[in-house]
Amino acid sequence: MKTLIINGSPRLDGHCAAVLDYIKKNIDCDVINCCFENIAHCTGCDGCTDGCCVIDDKMRQFYKQIEAADNIIFISPLYFSMLTGALLTFASRFQYFYHNPVRGKKRGAVILIGGGSTKDTSKAFSTAKIIMRYTAIQDPYEAAFVGTDISAPLDDRDFKNDIDSIIKIGRII
Ligand SMILES: Cc1cc2nc3c(=O)[nH]c(=O)nc-3n(C[C@H](O)[C@H](O)[C@H](O)COP(=O)(O)O)c2cc1C
């Protein structure tokens, strides 16, 4: 069972990283840190209608990783009530999957972490779900903690329970 985590946080010692570390201790997974991969944004050229993205960057490797994964988890800080720009840039390249659909079904989860300045997670969740549909994921698990200005996500019992449920998707064979 392969789990791929796509991380939108630019802080490798931040709150998303702490949640990521907790997940990594419990399941075998690969992580793509979007902020450090220099992935170009989709230009909408429609070149992928011929079966290959024309942009020659590491996304070609990531397409294979995404296709091979059984579970995909997005984790992102809330930036202006949305996924981070780096994650959205990365996800823009999922347009490839619109023209080259992923076969089979995968399970997914979306984890959002916010400071507390805005408490609205609905737009970020719905955008993440739209992106995930491109990788054959319907109805991903959702977990959010909005309050890192005051406390750490894993100190919140409800959030930790939600993360433990998400960890289980990486364990079921
Ligand atoms: C550019 C920017 C925009 C942010 N927008 C929001 C927001 O809309 N709502 C919110 O609750 N927190 C917002 N925050 C706070 C972050 O979501 C919060 O600090 C989060 O814990 C960061 O995750 P990290 O520690 O993994 O970087 C924002 C932070 C930054 C830097």
# chains A, B, ... in the order shown; residues from 1 in each chain; ligands from 1
call {"tool": "residues_near_ligand", "arguments": {"ligand": "ligand 1", "cutoff": "10 Å", "atoms": "only C-alpha atoms and all ligand atoms", "output": "PyMOL selection string"}}
result
chain A and resi 7-20+75-85+112-121+124+145-153
call {"tool": "write_last_selection", "arguments": {"atoms": "C-alpha atoms", "output": "short mmCIF file (atom, residue, chain, number, x, y, z; two decimals), in the first residue's frame"}}
result
data_model
loop_
_atom_site.label_atom_id
_atom_site.label_comp_id
_atom_site.auth_asym_id
_atom_site.auth_seq_id
_atom_site.Cartn_x
_atom_site.Cartn_y
_atom_site.Cartn_z
CA ASN A 7 2.84 19.04 1.20
CA GLY A 8 2.06 22.68 0.46
CA SER A 9 3.85 24.20 3.43
CA PRO A 10 7.07 26.16 2.86
CA ARG A 11 8.14 25.59 6.48
CA LEU A 12 9.89 22.29 7.01
CA ASP A 13 9.80 22.82 10.78
CA GLY A 14 6.28 24.25 10.94
CA HIS A 15 2.92 22.88 12.02
CA CYS A 16 2.23 20.94 8.81
CA ALA A 17 5.69 19.38 9.19
CA ALA A 18 4.85 18.24 12.73
CA VAL A 19 1.66 16.55 11.51
CA LEU A 20 3.57 15.07 8.58
CA ILE A 75 -1.52 18.78 3.59
CA SER A 76 -1.45 22.56 3.45
CA PRO A 77 -1.47 25.62 5.61
CA LEU A 78 -4.42 27.90 4.98
CA TYR A 79 -3.25 30.93 3.06
CA PHE A 80 -6.08 33.42 2.65
CA SER A 81 -8.51 30.55 3.33
CA MET A 82 -7.03 28.57 0.43
CA LEU A 83 -4.36 25.96 -0.27
CA THR A 84 -0.92 27.57 -0.66
CA GLY A 85 0.13 28.93 -4.04
CA LEU A 112 -5.63 21.87 6.47
CA ILE A 113 -3.78 23.82 9.14
CA GLY A 114 -4.58 27.46 9.87
CA GLY A 115 -3.42 30.08 12.31
CA GLY A 116 -6.90 31.30 13.12
CA SER A 117 -7.15 34.62 11.30
CA THR A 118 -9.89 33.21 9.08
CA LYS A 119 -11.73 30.09 10.11
CA ASP A 120 -13.26 29.27 6.76
CA THR A 121 -11.85 25.98 5.44
CA ALA A 124 -9.79 25.09 0.45
CA PHE A 145 -7.04 22.45 12.69
CA VAL A 146 -7.38 26.23 12.68
CA GLY A 147 -5.64 27.72 15.69
CA THR A 148 -1.87 27.42 15.42
CA ASP A 149 -1.61 31.04 16.62
CA ILE A 150 -2.54 29.60 20.02
CA SER A 151 -1.64 25.89 20.12
CA ALA A 152 -0.17 22.98 18.19
CA PRO A 153 -2.49 20.87 16.01
#
call {"tool": "closest_residue", "arguments": {"among": "A:Thr127, A:Asn71, A:Asn38, A:Asn26", "to": "Ala86 (chain A)", "atoms": "only C-alpha atoms"}}
result
A:Asn38
call {"tool": "select_by_dssp", "arguments": {"residues": "region 2-118 of chain A", "states": "alpha helix (DSSP H)", "output": "PyMOL selection string"}}
result
chain A and resi 15-26+59-68+85-92+95-99
call {"tool": "select_by_dssp", "arguments": {"residues": "region 23-96 of chain A", "states": "strand (DSSP E or B)", "output": "list in words"}}
result
Cys29, Asp30, Val31, Ile32, Asn33, Asn71, Ile72, Ile73, Phe74, Ile75, Ser76, Pro77, Tyr79 and Met82 of chain A
call {"tool": "atom_distance", "arguments": {"atom1": "CA of His99 (chain A)", "atom2": "CA of Cys45 (chain A)"}}
result
12.1 Å
call {"tool": "residues_around", "arguments": {"residues": "Thr43 (chain A)", "least_positions_apart": "2", "cutoff": "12 Å", "atoms": "only C-alpha atoms", "output": "count of residues only"}}
result
15
call {"tool": "closest_residue", "arguments": {"among": "A:Asp164, A:Asp70, A:Glu142, A:Asp156", "to": "Thr3 (chain A)", "atoms": "only C-alpha atoms"}}
result
A:Asp70
call {"tool": "decode", "arguments": {"residues": "region 105-133 of chain A", "atoms": "N, CA, C and O atoms", "output": "compact mmCIF listing (two decimals), in the first residue's frame"}}
result
# COMPACT_ATOMS: atom_id res chain seq x y z
N LYS A 105 -9.06 3.25 -8.70
CA LYS A 105 -9.53 4.20 -7.67
C LYS A 105 -8.49 4.33 -6.58
O LYS A 105 -7.83 3.35 -6.24
N LYS A 106 -8.38 5.50 -6.04
CA LYS A 106 -7.46 5.72 -4.92
C LYS A 106 -8.26 6.29 -3.76
O LYS A 106 -9.34 6.85 -3.96
N ARG A 107 -7.66 6.19 -2.57
CA ARG A 107 -8.25 6.88 -1.43
C ARG A 107 -7.44 8.13 -1.14
O ARG A 107 -6.23 8.17 -1.44
N GLY A 108 -8.08 9.11 -0.55
CA GLY A 108 -7.38 10.37 -0.33
C GLY A 108 -7.79 11.05 0.96
O GLY A 108 -8.79 10.68 1.59
N ALA A 109 -6.99 12.03 1.33
CA ALA A 109 -7.30 12.85 2.50
C ALA A 109 -6.75 14.25 2.29
O ALA A 109 -5.73 14.43 1.61
N VAL A 110 -7.45 15.20 2.87
CA VAL A 110 -7.01 16.60 2.82
C VAL A 110 -6.88 17.09 4.25
O VAL A 110 -7.81 16.97 5.04
N ILE A 111 -5.69 17.60 4.57
CA ILE A 111 -5.43 18.11 5.92
C ILE A 111 -5.09 19.59 5.81
O ILE A 111 -4.16 19.97 5.09
N LEU A 112 -5.85 20.42 6.51
CA LEU A 112 -5.63 21.87 6.47
C LEU A 112 -5.25 22.36 7.85
O LEU A 112 -5.83 21.94 8.87
N ILE A 113 -4.27 23.26 7.87
CA ILE A 113 -3.78 23.82 9.14
C ILE A 113 -3.81 25.35 9.01
O ILE A 113 -3.20 25.90 8.09
N GLY A 114 -4.50 26.00 9.92
CA GLY A 114 -4.58 27.46 9.87
C GLY A 114 -4.22 28.10 11.19
O GLY A 114 -4.32 27.48 12.26
N GLY A 115 -3.81 29.34 11.10
CA GLY A 115 -3.42 30.08 12.31
C GLY A 115 -4.63 30.49 13.12
O GLY A 115 -4.61 30.48 14.35
N GLY A 116 -5.69 30.88 12.43
CA GLY A 116 -6.90 31.30 13.12
C GLY A 116 -7.43 32.65 12.67
O GLY A 116 -8.48 33.09 13.11
N SER A 117 -6.71 33.30 11.74
CA SER A 117 -7.15 34.62 11.30
C SER A 117 -8.45 34.54 10.51
O SER A 117 -9.31 35.41 10.63
N THR A 118 -8.59 33.50 9.69
CA THR A 118 -9.89 33.21 9.08
C THR A 118 -10.19 31.76 9.40
O THR A 118 -9.29 30.93 9.38
N LYS A 119 -11.41 31.45 9.69
CA LYS A 119 -11.73 30.09 10.11
C LYS A 119 -12.41 29.30 9.01
O LYS A 119 -12.83 28.17 9.20
N ASP A 120 -12.52 29.90 7.84
CA ASP A 120 -13.26 29.27 6.76
C ASP A 120 -12.37 28.30 5.98
O ASP A 120 -11.48 28.73 5.25
N THR A 121 -12.62 27.01 6.17
CA THR A 121 -11.85 25.98 5.44
C THR A 121 -12.61 25.47 4.21
O THR A 121 -12.08 24.65 3.46
N SER A 122 -13.84 25.94 4.02
CA SER A 122 -14.70 25.32 3.00
C SER A 122 -14.15 25.47 1.59
O SER A 122 -14.20 24.53 0.79
N LYS A 123 -13.61 26.65 1.28
CA LYS A 123 -13.12 26.86 -0.09
C LYS A 123 -11.89 25.99 -0.36
O LYS A 123 -11.76 25.40 -1.43
N ALA A 124 -11.00 25.91 0.64
CA ALA A 124 -9.79 25.09 0.45
C ALA A 124 -10.15 23.62 0.31
O ALA A 124 -9.58 22.91 -0.54
N PHE A 125 -11.10 23.15 1.13
CA PHE A 125 -11.52 21.74 1.01
C PHE A 125 -12.14 21.48 -0.36
O PHE A 125 -11.83 20.48 -1.02
N SER A 126 -13.01 22.40 -0.81
CA SER A 126 -13.69 22.10 -2.08
C SER A 126 -12.71 22.17 -3.24
O SER A 126 -12.77 21.35 -4.15
N THR A 127 -11.74 23.09 -3.19
CA THR A 127 -10.73 23.14 -4.26
C THR A 127 -9.89 21.86 -4.25
O THR A 127 -9.62 21.27 -5.30
N ALA A 128 -9.47 21.43 -3.05
CA ALA A 128 -8.66 20.20 -2.96
C ALA A 128 -9.42 19.01 -3.52
O ALA A 128 -8.86 18.16 -4.21
N LYS A 129 -10.73 18.96 -3.24
CA LYS A 129 -11.54 17.83 -3.74
C LYS A 129 -11.61 17.84 -5.26
O LYS A 129 -11.56 16.80 -5.90
N ILE A 130 -11.76 19.03 -5.83
CA ILE A 130 -11.82 19.15 -7.30
C ILE A 130 -10.50 18.65 -7.89
O ILE A 130 -10.47 17.88 -8.85
N ILE A 131 -9.37 19.04 -7.28
CA ILE A 131 -8.05 18.61 -7.77
C ILE A 131 -7.94 17.09 -7.65
O ILE A 131 -7.49 16.41 -8.57
N MET A 132 -8.37 16.56 -6.50
CA MET A 132 -8.20 15.13 -6.25
C MET A 132 -9.00 14.26 -7.21
O MET A 132 -8.61 13.15 -7.54
N ARG A 133 -10.13 14.80 -7.67
CA ARG A 133 -10.94 14.04 -8.64
C ARG A 133 -10.12 13.69 -9.87
O ARG A 133 -10.34 12.68 -10.52
